[in-house]
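Peer 1: One file is attached below, structure.cif, containing mmCIF, C-alpha atoms.
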data_protein
loop_
_atom_site.label_atom_id
_atom_site.label_comp_id
_atom_site.auth_asym_id
_atom_site.auth_seq_id
_atom_site.Cartn_x
_atom_site.Cartn_y
_atom_site.Cartn_z
CA MET A 148 152.35 88.49 45.70
CA ASP A 149 149.19 88.87 47.77
CA TYR A 150 150.00 88.29 51.44
CA ASP A 151 146.45 88.89 52.69
CA GLY A 152 145.54 86.00 55.01
CA ILE A 153 148.48 83.93 53.75
CA LEU A 154 149.03 82.26 57.15
CA LEU A 155 146.24 80.68 59.20
CA GLY A 156 146.57 79.28 62.71
CA MET A 157 144.08 77.25 64.74
CA GLY A 158 144.45 76.41 68.39
CA ASN A 159 143.50 76.94 72.02
CA PRO A 160 143.34 80.66 72.85
CA LEU A 161 144.25 80.94 76.54
CA LEU A 162 144.76 83.93 78.77
CA ASP A 163 148.15 83.45 80.42
CA ILE A 164 148.15 84.19 84.14
CA SER A 165 151.86 84.63 84.69
CA ALA A 166 153.72 84.96 88.00
CA VAL A 167 157.14 84.33 89.49
CA VAL A 168 156.56 81.57 92.06
CA ASP A 169 158.72 79.72 94.57
CA GLN A 170 159.79 76.07 94.49
CA GLU A 171 157.39 75.32 97.35
CA PHE A 172 154.43 76.35 95.14
CA LEU A 173 155.64 74.06 92.33
CA ASN A 174 156.06 71.16 94.78
CA LYS A 175 152.63 71.75 96.33
CA TYR A 176 150.93 71.24 92.95
CA GLY A 177 153.37 68.60 91.70
CA LEU A 178 154.73 70.75 88.86
CA LYS A 179 157.95 70.14 86.94
CA SER A 180 159.98 72.98 85.43
CA ASN A 181 159.78 73.39 81.65
CA ASP A 182 156.72 71.13 81.44
CA ALA A 183 153.25 71.79 80.03
CA ILE A 184 150.21 69.91 81.34
CA LEU A 185 146.42 70.09 81.41
CA ALA A 186 144.87 71.08 84.73
CA GLU A 187 143.39 68.31 86.88
CA GLU A 188 141.09 68.63 89.89
CA LYS A 189 144.08 69.13 92.23
CA HIS A 190 145.26 72.15 90.22
CA VAL A 191 141.98 74.12 90.39
CA PRO A 192 142.89 76.13 93.54
CA MET A 193 146.27 77.19 92.15
CA TYR A 194 144.83 79.93 89.89
CA GLU A 195 143.23 81.66 92.86
CA GLU A 196 146.35 81.16 94.99
CA MET A 197 148.56 82.67 92.30
CA THR A 198 146.46 85.82 92.03
CA SER A 199 146.24 86.31 95.78
CA LYS A 200 149.84 85.38 96.68
CA TYR A 201 151.96 86.65 93.79
CA LYS A 202 152.06 89.62 91.44
CA VAL A 203 150.39 88.30 88.28
CA GLU A 204 150.35 89.53 84.70
CA TYR A 205 147.59 88.71 82.20
CA ILE A 206 148.83 88.09 78.66
CA ALA A 207 146.90 86.77 75.63
CA GLY A 208 148.41 83.36 75.01
CA GLY A 209 147.90 79.83 73.79
CA ALA A 210 150.78 78.31 71.82
CA THR A 211 149.46 78.73 68.27
CA GLN A 212 148.04 82.17 68.94
CA ASN A 213 151.47 83.24 70.28
CA SER A 214 153.21 81.97 67.13
CA ILE A 215 150.71 83.70 64.84
CA ARG A 216 151.03 87.00 66.77
CA VAL A 217 154.83 86.83 66.53
CA ALA A 218 154.69 86.01 62.79
CA GLN A 219 152.37 89.00 62.27
CA TRP A 220 154.74 91.25 64.25
CA MET A 221 157.76 90.06 62.26
CA LEU A 222 155.97 90.47 58.92
CA GLN A 223 154.57 93.96 59.57
CA ILE A 224 152.11 93.33 56.71
CA PRO A 225 148.56 94.21 57.82
CA GLY A 226 146.15 91.26 57.57
CA ALA A 227 148.81 88.68 56.65
CA THR A 228 147.71 86.30 59.41
CA ALA A 229 144.45 84.86 60.71
CA TYR A 230 143.54 82.69 63.69
CA MET A 231 140.63 80.58 64.93
CA GLY A 232 139.85 79.08 68.33
CA SER A 233 137.21 79.17 71.05
CA ILE A 234 136.85 81.76 73.85
CA GLY A 235 134.17 82.54 76.45
CA LYS A 236 131.75 85.45 76.49
CA ASP A 237 133.49 87.09 79.44
CA LYS A 238 136.02 89.78 80.36
CA TYR A 239 138.97 87.45 79.68
CA GLY A 240 137.53 86.77 76.21
CA GLU A 241 137.17 90.50 75.56
CA GLU A 242 140.75 91.00 76.75
CA MET A 243 141.90 88.30 74.31
CA LYS A 244 140.08 89.89 71.37
CA LYS A 245 141.60 93.26 72.21
CA HIS A 246 145.17 91.85 72.40
CA ALA A 247 144.92 89.81 69.20
CA THR A 248 143.32 92.57 67.14
CA LYS A 249 145.88 95.08 68.40
CA ALA A 250 148.58 92.63 67.25
CA GLY A 251 147.09 92.83 63.75
CA VAL A 252 145.82 89.24 63.60
CA ASN A 253 142.46 88.64 61.92
CA VAL A 254 140.74 86.57 64.64
CA HIS A 255 137.57 84.57 64.11
CA TYR A 256 136.76 83.18 67.55
CA HIS A 257 133.94 80.81 68.39
CA GLU A 258 132.31 82.31 71.49
CA ASP A 259 131.20 79.72 74.00
CA GLU A 260 129.06 79.75 77.13
CA SER A 261 131.91 78.35 79.26
CA PRO A 262 134.60 80.69 80.64
CA THR A 263 137.64 81.65 78.55
CA GLY A 264 140.51 79.19 79.01
CA THR A 265 143.44 80.18 81.18
CA CYS A 266 147.00 78.99 81.51
CA ALA A 267 148.96 79.33 84.72
CA VAL A 268 152.53 80.28 83.82
CA CYS A 269 154.65 79.53 86.87
CA VAL A 270 158.03 81.16 86.43
CA ASN A 271 160.84 79.95 88.67
CA GLY A 272 164.35 81.19 87.92
CA SER A 273 164.54 81.32 84.12
CA ASP A 274 162.35 78.19 83.78
CA ARG A 275 158.60 77.98 83.45
CA SER A 276 155.89 75.40 84.12
CA LEU A 277 152.52 75.63 82.33
CA VAL A 278 149.16 74.39 83.56
CA ALA A 279 146.31 74.90 81.10
CA ASN A 280 142.66 74.97 82.08
CA LEU A 281 141.16 74.80 78.58
CA SER A 282 137.54 75.49 79.50
CA ALA A 283 136.01 77.36 76.49
CA ALA A 284 139.07 76.53 74.33
CA ASN A 285 138.02 72.88 74.64
CA CYS A 286 134.65 73.64 73.00
CA TYR A 287 135.83 74.36 69.46
CA LYS A 288 133.72 72.43 66.94
CA ILE A 289 134.07 71.76 63.23
CA ASP A 290 130.70 73.53 62.65
CA HIS A 291 132.43 76.86 63.36
CA LEU A 292 135.19 76.05 60.87
CA LYS A 293 132.66 75.10 58.19
CA ARG A 294 130.79 78.41 58.36
CA PRO A 295 131.35 80.20 55.02
CA GLU A 296 133.07 83.25 56.57
CA ASN A 297 135.51 80.98 58.44
CA TRP A 298 136.14 78.42 55.71
CA ALA A 299 136.96 81.42 53.48
CA LEU A 300 140.05 81.96 55.71
CA VAL A 301 141.10 78.35 55.00
CA GLU A 302 140.68 78.84 51.25
CA LYS A 303 142.58 82.11 51.25
CA ALA A 304 145.58 80.83 53.26
CA LYS A 305 148.58 79.09 51.70
CA PHE A 306 150.24 78.09 54.99
CA TYR A 307 148.61 76.49 58.03
CA TYR A 308 150.03 76.10 61.51
CA ILE A 309 148.19 74.09 64.16
CA ALA A 310 150.17 73.13 67.27
CA GLY A 311 149.74 69.64 68.75
CA PHE A 312 147.70 71.00 71.66
CA PHE A 313 144.67 71.32 69.35
CA LEU A 314 144.67 67.51 68.91
CA THR A 315 143.01 67.27 72.32
CA VAL A 316 140.17 69.56 71.18
CA SER A 317 139.12 69.12 67.55
CA PRO A 318 141.01 66.50 65.52
CA GLN A 319 138.13 66.68 63.01
CA SER A 320 138.89 70.34 62.28
CA ILE A 321 142.60 69.55 61.88
CA MET A 322 141.86 66.73 59.41
CA SER A 323 139.53 68.96 57.44
CA VAL A 324 142.23 71.63 56.98
CA ALA A 325 144.89 68.94 56.38
CA GLU A 326 142.89 67.40 53.53
CA HIS A 327 142.34 70.83 51.97
CA ALA A 328 146.09 71.56 52.22
CA VAL A 329 147.07 68.29 50.50
CA ALA A 330 144.42 68.67 47.77
CA ASN A 331 145.60 72.20 47.00
CA ASN A 332 149.38 71.80 47.38
CA LYS A 333 149.48 74.10 50.39
CA VAL A 334 151.86 73.89 53.35
CA PHE A 335 150.65 72.33 56.61
CA MET A 336 152.67 72.52 59.82
CA THR A 337 152.42 71.29 63.38
CA ASN A 338 154.31 71.13 66.65
CA LEU A 339 154.96 68.18 68.97
CA SER A 340 153.96 70.74 71.65
CA ALA A 341 154.42 68.74 74.89
CA PRO A 342 155.49 65.29 76.08
CA PHE A 343 151.91 64.48 77.16
CA ILE A 344 150.63 65.05 73.60
CA CYS A 345 153.18 62.56 72.22
CA GLU A 346 152.33 60.05 74.98
CA PHE A 347 148.57 60.24 75.45
CA PHE A 348 147.38 61.49 72.08
CA LYS A 349 149.68 59.28 69.99
CA ASP A 350 146.86 57.79 67.88
CA VAL A 351 145.41 61.13 66.73
CA GLN A 352 148.91 62.55 66.30
CA ASP A 353 149.86 59.57 64.10
CA LYS A 354 146.72 60.10 62.03
CA VAL A 355 147.54 63.73 61.14
CA PHE A 356 151.30 63.20 60.70
CA PRO A 357 151.15 62.04 57.06
CA TYR A 358 149.71 65.48 56.17
CA MET A 359 152.49 67.43 57.86
CA ASP A 360 155.06 69.32 55.79
CA TYR A 361 156.87 70.85 58.76
CA VAL A 362 157.12 69.47 62.28
CA PHE A 363 158.48 71.66 65.09
CA GLY A 364 159.35 70.65 68.63
CA ASN A 365 161.98 70.80 71.35
CA GLU A 366 164.48 68.15 72.43
CA THR A 367 162.34 66.80 75.33
CA GLU A 368 159.29 66.38 73.09
CA ALA A 369 161.41 64.76 70.36
CA ARG A 370 162.82 62.21 72.83
CA THR A 371 159.33 61.44 74.15
CA PHE A 372 158.10 60.97 70.57
CA SER A 373 161.00 58.58 69.92
CA LYS A 374 160.29 56.58 73.09
CA VAL A 375 156.56 56.28 72.35
CA HIS A 376 157.33 55.05 68.81
CA GLY A 377 159.83 52.48 70.11
CA TRP A 378 162.78 54.01 68.25
CA GLU A 379 165.21 53.38 71.09
CA THR A 380 167.30 56.47 70.46
CA GLU A 381 167.72 59.67 72.47
CA ASN A 382 169.84 61.29 69.76
CA VAL A 383 167.89 64.38 68.67
CA GLU A 384 169.48 64.49 65.20
CA GLU A 385 168.52 60.87 64.55
CA ILE A 386 164.99 61.46 65.83
CA ALA A 387 164.55 64.58 63.67
CA LEU A 388 165.63 62.56 60.63
CA LYS A 389 163.25 59.71 61.45
CA ILE A 390 160.34 62.14 61.88
CA SER A 391 161.11 63.72 58.50
CA GLN A 392 161.04 60.24 56.90
CA LEU A 393 157.67 59.07 58.29
CA SER A 394 155.12 58.35 55.55
CA LYS A 395 153.57 61.32 53.79
CA LYS A 396 150.33 61.94 51.86
CA SER A 397 151.64 64.53 49.45
CA GLY A 398 154.81 64.35 47.42
CA THR A 399 154.74 68.06 46.57
CA HIS A 400 156.60 69.11 49.71
CA LYS A 401 159.19 67.02 51.54
CA ARG A 402 158.72 66.93 55.29
CA ILE A 403 161.14 69.08 57.23
CA THR A 404 161.69 68.61 60.98
CA VAL A 405 162.88 71.54 63.08
CA ILE A 406 163.90 70.82 66.68
CA THR A 407 165.06 73.51 69.10
CA GLN A 408 167.33 72.58 72.02
CA GLY A 409 167.40 75.57 74.36
CA ALA A 410 170.94 76.97 74.24
CA ASP A 411 172.16 74.24 71.86
CA PRO A 412 171.94 74.47 68.05
CA VAL A 413 168.65 74.11 66.17
CA VAL A 414 168.39 70.74 64.38
CA VAL A 415 166.87 70.77 60.88
CA ALA A 416 166.28 67.46 59.09
CA GLU A 417 165.32 67.37 55.41
CA ASP A 418 166.06 65.20 52.42
CA GLY A 419 167.88 62.57 54.49
CA LYS A 420 170.33 65.14 55.87
CA VAL A 421 170.66 67.01 59.15
CA LYS A 422 171.90 70.58 59.51
CA LEU A 423 172.71 72.36 62.76
CA PHE A 424 172.15 76.09 63.17
CA PRO A 425 173.71 77.88 66.16
CA ILE A 426 171.40 80.08 68.21
CA ILE A 427 171.99 83.60 69.55
CA LEU A 428 173.40 83.02 73.01
CA LEU A 429 172.26 85.31 75.79
CA PRO A 430 173.94 85.79 79.16
CA LYS A 431 171.75 84.19 81.83
CA GLU A 432 171.11 87.48 83.62
CA LYS A 433 169.39 88.85 80.50
CA ILE A 434 166.82 86.04 80.44
CA VAL A 435 163.61 87.25 82.05
CA ASP A 436 161.24 84.41 81.25
CA THR A 437 161.42 81.51 78.77
CA ASN A 438 157.63 81.26 78.46
CA GLY A 439 156.70 81.54 74.80
CA ALA A 440 160.27 81.07 73.52
CA GLY A 441 159.33 78.00 71.45
CA ASP A 442 156.15 79.69 70.18
CA ALA A 443 158.16 82.79 69.22
CA PHE A 444 160.75 80.67 67.41
CA VAL A 445 157.97 79.15 65.27
CA GLY A 446 156.44 82.61 64.67
CA GLY A 447 159.74 84.03 63.48
CA PHE A 448 160.38 80.98 61.30
CA LEU A 449 156.91 81.19 59.69
CA SER A 450 157.31 84.91 58.98
CA GLN A 451 160.17 84.15 56.56
CA LEU A 452 158.73 80.89 55.24
CA VAL A 453 155.64 82.67 53.88
CA LEU A 454 158.00 85.13 52.16
CA ASP A 455 159.64 82.16 50.43
CA LYS A 456 163.01 82.66 52.16
CA PRO A 457 165.56 79.81 52.44
CA ILE A 458 165.50 77.61 55.53
CA GLY A 459 168.61 79.22 57.03
CA ASP A 460 166.85 82.62 57.03
CA CYS A 461 163.75 81.06 58.59
CA VAL A 462 165.82 79.58 61.45
CA LYS A 463 167.66 82.88 61.90
CA ALA A 464 164.33 84.73 62.20
CA GLY A 465 163.07 82.10 64.63
CA CYS A 466 166.15 82.55 66.82
CA TYR A 467 165.83 86.33 66.63
CA ALA A 468 162.16 86.27 67.74
CA ALA A 469 162.84 83.80 70.58
CA ASN A 470 165.73 85.96 71.70
CA VAL A 471 163.52 89.06 71.90
CA ILE A 472 160.76 87.24 73.79
CA ILE A 473 162.93 85.66 76.50
CA GLN A 474 164.20 89.10 77.49
CA ARG A 475 160.62 90.16 78.29
CA SER A 476 157.82 88.90 80.49
CA GLY A 477 155.46 86.49 78.66
CA CYS A 478 155.16 86.26 74.90
CA THR A 479 155.41 90.02 74.32
CA TYR A 480 157.54 92.15 72.00
CA PRO A 481 158.49 95.77 71.27
CA GLU A 482 156.53 97.79 68.72
CA LYS A 483 158.71 96.91 65.72
CA PRO A 484 161.22 94.16 65.02
CA ASP A 485 164.75 95.05 63.94
CA PHE A 486 165.46 91.72 62.27
CA LYS A 487 167.95 91.99 59.41
#
Kindly transcribe the structure held in the file into structure tokens.
Peer 2:
Amino acid sequence: MDYDGILLGMGNPLLDISAVVDQEFLNKYGLKSNDAILAEEKHVPMYEEMTSKYKVEYIAGGATQNSIRVAQWMLQIPGATAYMGSIGKDKYGEEMKKHATKAGVNVHYHEDESPTGTCAVCVNGSDRSLVANLSAANCYKIDHLKRPENWALVEKAKFYYIAGFFLTVSPQSIMSVAEHAVANNKVFMTNLSAPFICEFFKDVQDKVFPYMDYVFGNETEARTFSKVHGWETENVEEIALKISQLSKKSGTHKRITVITQGADPVVVAEDGKVKLFPIILLPKEKIVDTNGAGDAFVGGFLSQLVLDKPIGDCVKAGCYAANVIIQRSGCTYPEKPDFK
């Protein structure tokens, strides 16, 4: 089988500015642990404060880009993955290109006049709080997608992954890829991504849902999704099942919901049934930073899905990748995986 460009991701490429901060810093900017939000006016000074007050690390990030990088690392097949998004024509943008290319991902960025987007990763204990300043990432337009050299990536791919965060940027681009996927019996996947996506972007999320073959998320996002849809249940297994049974455009693939729950088992709902898969437990002292754990899980999962492996293997690979990433700073990994 030809794996060239088999998996395509689209999303918001952000340079993570990561630092271990104190509770006082979180309180000052009104940040909750394990949350992800978009920066408002009041958050603007925090980026400067982080770099001057704490030891920061710069890591190429953005949820979808993280997942695609991890999938590429797990696959170890040159050129198997591709990614599109919007960056600025600046040093952060150059840094991003360097990181992604080194990871072996075929990136086709739109280059915008505004600065490259950044994401403050505030690590406190083993929790993290994310504040994204999208900037250039917010400027992705469907015109870039429709250029022949970029649309060629869409035609070549058989699997698409676009996290929910991209709903705030270019729903048109998502719909365009979704329609292509349904028309050509390809596999389209998304992520609930963050409680604010489920709450404030419900209408666009509902519009793309019928096209989705796989939906990923964590327990907090799943419960928010349930609340917003008036389901009146906090039971993650029930919610996963309900998500898998929402109406669907294509009958070729059944929708499968995959919900991670931190240290608790992964919930997989398909075909009216729920299965639980235990995760690899790590002693707390080995956890360096949970930033990127969910992205890494998806990346590991996708790496086996494109190889046509059974769902149990996909979950196992997801858990393996997440396990590697939480023992390191940011969404980074050693040179080669040792996944068996």
Peer 1: Take CA of Val405 (chain A) and CA of Phe363 (chain A) and report the distance between them in Å, one decimal.
Peer 2: 4.8 Å
Peer 1: If you take only C-alpha atoms and a cut-off of 12 Å, which residues of region 150-198 of chain A touch region 320-332 of chain A, and what are their nearest atom pairs and distances in Å to one decimal, in chain and number order, as a Markdown table?
Peer 2:
| residue | atom | partner | partner_atom | distance |
| --- | --- | --- | --- | --- |
| A:Leu155 | CA | A:Val324 | CA | 10.1 |
| A:Gly156 | CA | A:Val324 | CA | 10.5 |
| A:Met157 | CA | A:Ile321 | CA | 8.3 |
| A:Gly158 | CA | A:Ile321 | CA | 9.6 |
Peer 1: Translate the PyMOL selection byres ((chain A and resi 169) around 10), as applied to the file shown, into an explicit residue set as a ChimeraX atom specification.
Peer 2: /A:166-168,170-174,201,269-272
Peer 1: Determine the nearest neighbour of Ile215 (chain A) from the options A:Leu423, A:Val445, A:Ala279, A:Ala387, counting all atoms listed in the file.
Peer 2: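 Using all atoms listed in the file, Ile215 (chain A) sits closest to A:Val445.
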Peer 1: Identify which of the residues A:Ala183, A:Cys478, A:Leu300, A:Ile234 lies closest to Ile206 (chain A), counting only C-alpha atoms when measuring atom-to-atom distances.
Peer 2: A:Cys478
Peer 1: Name the residues captured by the PyMOL selection byres ((chain A and resi 390) around 12) when it is applied to the shown file; answer as an mmCIF file with C-alpha atoms, keeping the file's coordinate frame.
Peer 2:
data_model
loop_
_atom_site.group_PDB
_atom_site.id
_atom_site.type_symbol
_atom_site.label_atom_id
_atom_site.label_comp_id
_atom_site.auth_asym_id
_atom_site.auth_seq_id
_atom_site.Cartn_x
_atom_site.Cartn_y
_atom_site.Cartn_z
ATOM 1 C CA ASN A 338 154.310 71.130 66.650
ATOM 2 C CA LEU A 339 154.960 68.180 68.970
ATOM 3 C CA ASP A 353 149.860 59.570 64.100
ATOM 4 C CA PHE A 356 151.300 63.200 60.700
ATOM 5 C CA PRO A 357 151.150 62.040 57.060
ATOM 6 C CA MET A 359 152.490 67.430 57.860
ATOM 7 C CA ASP A 360 155.060 69.320 55.790
ATOM 8 C CA TYR A 361 156.870 70.850 58.760
ATOM 9 C CA VAL A 362 157.120 69.470 62.280
ATOM 10 C CA PHE A 363 158.480 71.660 65.090
ATOM 11 C CA GLY A 364 159.350 70.650 68.630
ATOM 12 C CA ALA A 369 161.410 64.760 70.360
ATOM 13 C CA ARG A 370 162.820 62.210 72.830
ATOM 14 C CA PHE A 372 158.100 60.970 70.570
ATOM 15 C CA SER A 373 161.000 58.580 69.920
ATOM 16 C CA HIS A 376 157.330 55.050 68.810
ATOM 17 C CA TRP A 378 162.780 54.010 68.250
ATOM 18 C CA VAL A 383 167.890 64.380 68.670
ATOM 19 C CA GLU A 384 169.480 64.490 65.200
ATOM 20 C CA GLU A 385 168.520 60.870 64.550
ATOM 21 C CA ILE A 386 164.990 61.460 65.830
ATOM 22 C CA ALA A 387 164.550 64.580 63.670
ATOM 23 C CA LEU A 388 165.630 62.560 60.630
ATOM 24 C CA LYS A 389 163.250 59.710 61.450
ATOM 25 C CA SER A 391 161.110 63.720 58.500
ATOM 26 C CA GLN A 392 161.040 60.240 56.900
ATOM 27 C CA LEU A 393 157.670 59.070 58.290
ATOM 28 C CA SER A 394 155.120 58.350 55.550
ATOM 29 C CA LYS A 395 153.570 61.320 53.790
ATOM 30 C CA LYS A 401 159.190 67.020 51.540
ATOM 31 C CA ARG A 402 158.720 66.930 55.290
ATOM 32 C CA ILE A 403 161.140 69.080 57.230
ATOM 33 C CA THR A 404 161.690 68.610 60.980
ATOM 34 C CA VAL A 405 162.880 71.540 63.080
ATOM 35 C CA ILE A 406 163.900 70.820 66.680
ATOM 36 C CA VAL A 415 166.870 70.770 60.880
ATOM 37 C CA ALA A 416 166.280 67.460 59.090
ATOM 38 C CA GLU A 417 165.320 67.370 55.410
ATOM 39 C CA ASP A 418 166.060 65.200 52.420
ATOM 40 C CA GLY A 419 167.880 62.570 54.490
ATOM 41 C CA VAL A 421 170.660 67.010 59.150
#
Peer 1: How many Å separate CA of Asn297 (chain A) from CA of Ser214 (chain A)?
Peer 2: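 Calculated distance between CA of Asn297 (chain A) and CA of Ser214 (chain A) is 19.7 Å.
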Peer 1: One decimal, Å: what's the distance from CA of Ser233 (chain A) over to CA of Cys466 (chain A), could you say?
Peer 2: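 Those two atoms sit 29.4 Å apart.
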Peer 1: With distances taken over all atoms listed in the file, which residue among A:Glu368, A:Glu187, A:Asp460, A:Glu195 lies nearest Ser282 (chain A)?
Peer 2: A:Glu187
Peer 1: Return as lines of an AutoDock Vina configuration file the box centre and box size in Å, one decimal, for an axis-aligned box around all listed atoms of region 289-295 of chain A padded by 8 Å per side.
Peer 2:
center_x = 132.9
center_y = 76.0
center_z = 59.2
size_x = 20.5
size_y = 24.4
size_z = 24.3
Peer 1: I'd like to see the residues matched by the PyMOL selection byres ((chain A and resi 266) around 9) on this file, and ideally I'd get them as a PyMOL selection string.
Peer 2: chain A and resi 161-165+185-186+194+208-209+264-265+267-268+277-281
Peer 1: Choose the residue, out of A:Ala310, A:Ala304, A:Ile344, A:Leu452, that has the smallest atom-to-atom separation from Ile184 (chain A); count only C-alpha atoms.
Peer 2: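 Among the listed residues, A:Ile344 lies closest to Ile184 (chain A).
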Peer 1: Near region 242-248 of chain A, counting only C-alpha atoms, which residues have an atom at most 8 Å away, once you skip same-chain residues fewer than 4 positions from it, shown as a list in words?
Peer 2: Pro160, Leu162, Ala207, Arg216, Lys238, Val252, Asn253 and Val254 of chain A
Peer 1: Give as a ChimeraX atom specification every residue, naming chains and numbers as the document does, that has an atom within 6 Å of (168.2, 82.1, 82.1), counting all atoms listed in the file.
Peer 2: /A:273,431,434
Peer 1: Restricted to C-alpha atoms, what would the selected residues look like written as an mmCIF file, in the frame of the given file?
Peer 2:
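result.cif, written as the output of this step:
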data_model
loop_
_atom_site.group_PDB
_atom_site.id
_atom_site.type_symbol
_atom_site.label_atom_id
_atom_site.label_comp_id
_atom_site.auth_asym_id
_atom_site.auth_seq_id
_atom_site.Cartn_x
_atom_site.Cartn_y
_atom_site.Cartn_z
ATOM 1 C CA SER A 273 164.540 81.320 84.120
ATOM 2 C CA LYS A 431 171.750 84.190 81.830
ATOM 3 C CA ILE A 434 166.820 86.040 80.440
#
